[in-house]
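Quick notes on the structure that follows.
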Amino acid sequence: MRSGRGGACADCPGDPPFAAARSLFPYEGEVREAIRAAKYGGMATPAGPVAERMFAAIRQEWADLFPDGCRPVIVPVPILPRKYFRRGFNLPALVGGRLARLAGWPFDPLLLLRTRERLPQAALPLSLREGNVRGAFAVSPGRGIPPEILLLDDVYTSGATAAECARTLKRAGAEHIVILTVSRAVP
C-alpha cells in the first residue's frame, strides 16, 4: 500500500484553502476498480480496512498533520440526496465513521451539505470542475463549526471539490482543515 503526497500540485493556482491533502493510494488498478464498483455498481465497500489503513497512516507517516492533542472533527464530503438514495451509502461517510471510532475523534456526517451539482465531476475535464462545484456546498443551519476539521473524500483529482468544501467551512469559521482521501488521480 502506497501513500500519496500532499499539498498543492504544481499546476494548482495559488494557495489552497486547506493545510494539506494526503491520499492512501494512486487512483489506478484495483483501487480504481473498487471505488468505481462501490460508487457506480452498488458493490460492497471495504470501508473497515480502508479506515484501518488511514488510521495507521495518521499515526505514522501523516502524524505531523495531527499533533498530540489535536482532535479534528471528521467530516465526509457529502453527496446529493438522490445519489445517496440510489447508492444506499456515501463512501466517504462509511470510511469516516469507522475512522472516527478508531481514532476516538468526533464525526459529523451532516455538518456539510451538498446543495447542487450541475454535472458529475467525473464526467468533466479538469478545467471545468472548479466552476461546476462553485457554491455547491453549505454548512447545515445552526451548526457550530469546529476549529479543526479532517475532510474525507474518496478520490482527489483536480482538488476542486476539496477546495470548495474547505472554502465553505472556512467562511463558516473553521481554522485548520486537512483533506484525506482514499486515492489520488495522478495527472
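Labels for the C-alpha cells follow display order: chains A, B, ..., residues from 1 in each chain, ligands from 1.
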Please provide the set of residues having any atom within 7 Å of Thr181 in chain A, restricted to only C-alpha atoms, with same-chain residues fewer than 6 positions apart removed, written as an NGL selection string.
-> :A and (22-24 or 152-156)
Compile the contact shell of Pro76 in chain A as a ChimeraX atom specification: residues with an atom at most 8 Å away, counting only C-alpha atoms, same-chain residues fewer than 5 positions apart removed.
-> /A:92-93,96,108-109,112,151-153
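Minimum atom-to-atom distances from A:Pro78, A:Pro16, A:Gly97, A:Phe89 to Gly48 in chain A were compared using only C-alpha atoms, and the lowest value belongs to A:Gly97.
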Got a sec: who's within 6 Å of Pro26 in chain A, counting only C-alpha atoms, leaving out chain neighbours fewer than 3 positions off, as number ranges by chain?
-> A: 183-185
Close residues, Arg134 in chain A itself excluded, 10 Å, only C-alpha atoms, min 4 positions apart in chain, as a VMD selection string | chain A and resid 116 to 117 129 to 130 160 to 161 163 to 165 167 to 168
Strand (DSSP E or B) residues, from DSSP on the backbone, in chain A, as a PyMOL selection string = chain A and resi 20-26+73-76+107+112-114+137-139+148-156+176-184
Can you work out which one of A:Gly173, A:Arg114, A:Arg59, A:Cys70 has the shortest atom-to-atom distance to Arg143 in chain A, counting only C-alpha atoms?
-> A:Gly173
In chain A, what's alpha helix (DSSP H) per DSSP? Answer as a ChimeraX atom specification?
-> /A:29-40,47-59,81-87,91-103,126-133,160-171
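Going from CA of Pro49 in chain A to CA of Arg82 in chain A covers 27.0 Å.
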Near-Pro46 in chain A list (12 Å; only C-alpha atoms; drop same-chain fewer than 4 positions) as a PyMOL selection string | chain A and resi 31+34-35+37-38+50-53+91-92+94-95+98+182
Just want the 8 Å neighbourhood of Leu150 in chain A, counted on only C-alpha atoms, with same-chain residues fewer than 5 positions away dropped. Output as a short mmCIF file (atom, residue, chain, number, x, y, z; two decimals) with N, CA and C atoms, in the first residue's frame.
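This is the output file selection.cif:
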data_model
loop_
_atom_site.label_atom_id
_atom_site.label_comp_id
_atom_site.auth_asym_id
_atom_site.auth_seq_id
_atom_site.Cartn_x
_atom_site.Cartn_y
_atom_site.Cartn_z
N PRO A 72 -9.45 16.59 15.44
CA PRO A 72 -10.30 17.23 14.43
C PRO A 72 -11.63 16.49 14.32
N VAL A 73 -12.63 17.22 13.93
CA VAL A 73 -13.92 16.61 13.62
C VAL A 73 -13.81 16.04 12.20
N ILE A 74 -14.17 14.78 12.05
CA ILE A 74 -14.13 14.14 10.73
C ILE A 74 -15.43 14.46 10.01
N VAL A 75 -15.30 15.07 8.84
CA VAL A 75 -16.45 15.49 8.04
C VAL A 75 -16.31 14.87 6.65
N ILE A 177 -7.94 22.92 8.22
CA ILE A 177 -8.60 21.82 7.51
C ILE A 177 -7.53 20.97 6.83
N VAL A 178 -7.62 19.67 7.06
CA VAL A 178 -6.75 18.70 6.39
C VAL A 178 -7.66 17.82 5.54
N ILE A 179 -7.25 17.57 4.31
CA ILE A 179 -8.00 16.72 3.39
C ILE A 179 -7.32 15.35 3.36
N LEU A 180 -8.10 14.29 3.59
CA LEU A 180 -7.62 12.93 3.40
C LEU A 180 -8.54 12.24 2.41
#
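Excluding Leu65 in chain A itself and any same-chain residue fewer than 4 positions from it, the protein and nucleic acid residues within 9 Å of it, counting only C-alpha atoms, are Ala19, Ala20, Ile58 and Val178 of chain A.
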Write a file of the selected residues as a compact mmCIF listing (two decimals), in the first residue's frame, keeping C-alpha atoms.
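Contents of out-v1.txt, freshly written:
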# COMPACT_ATOMS: atom_id res chain seq x y z
CA ALA A 19 -3.46 22.96 5.24
CA ALA A 20 -2.64 19.69 3.47
CA ILE A 58 -2.37 9.14 10.66
CA VAL A 178 -6.75 18.70 6.39
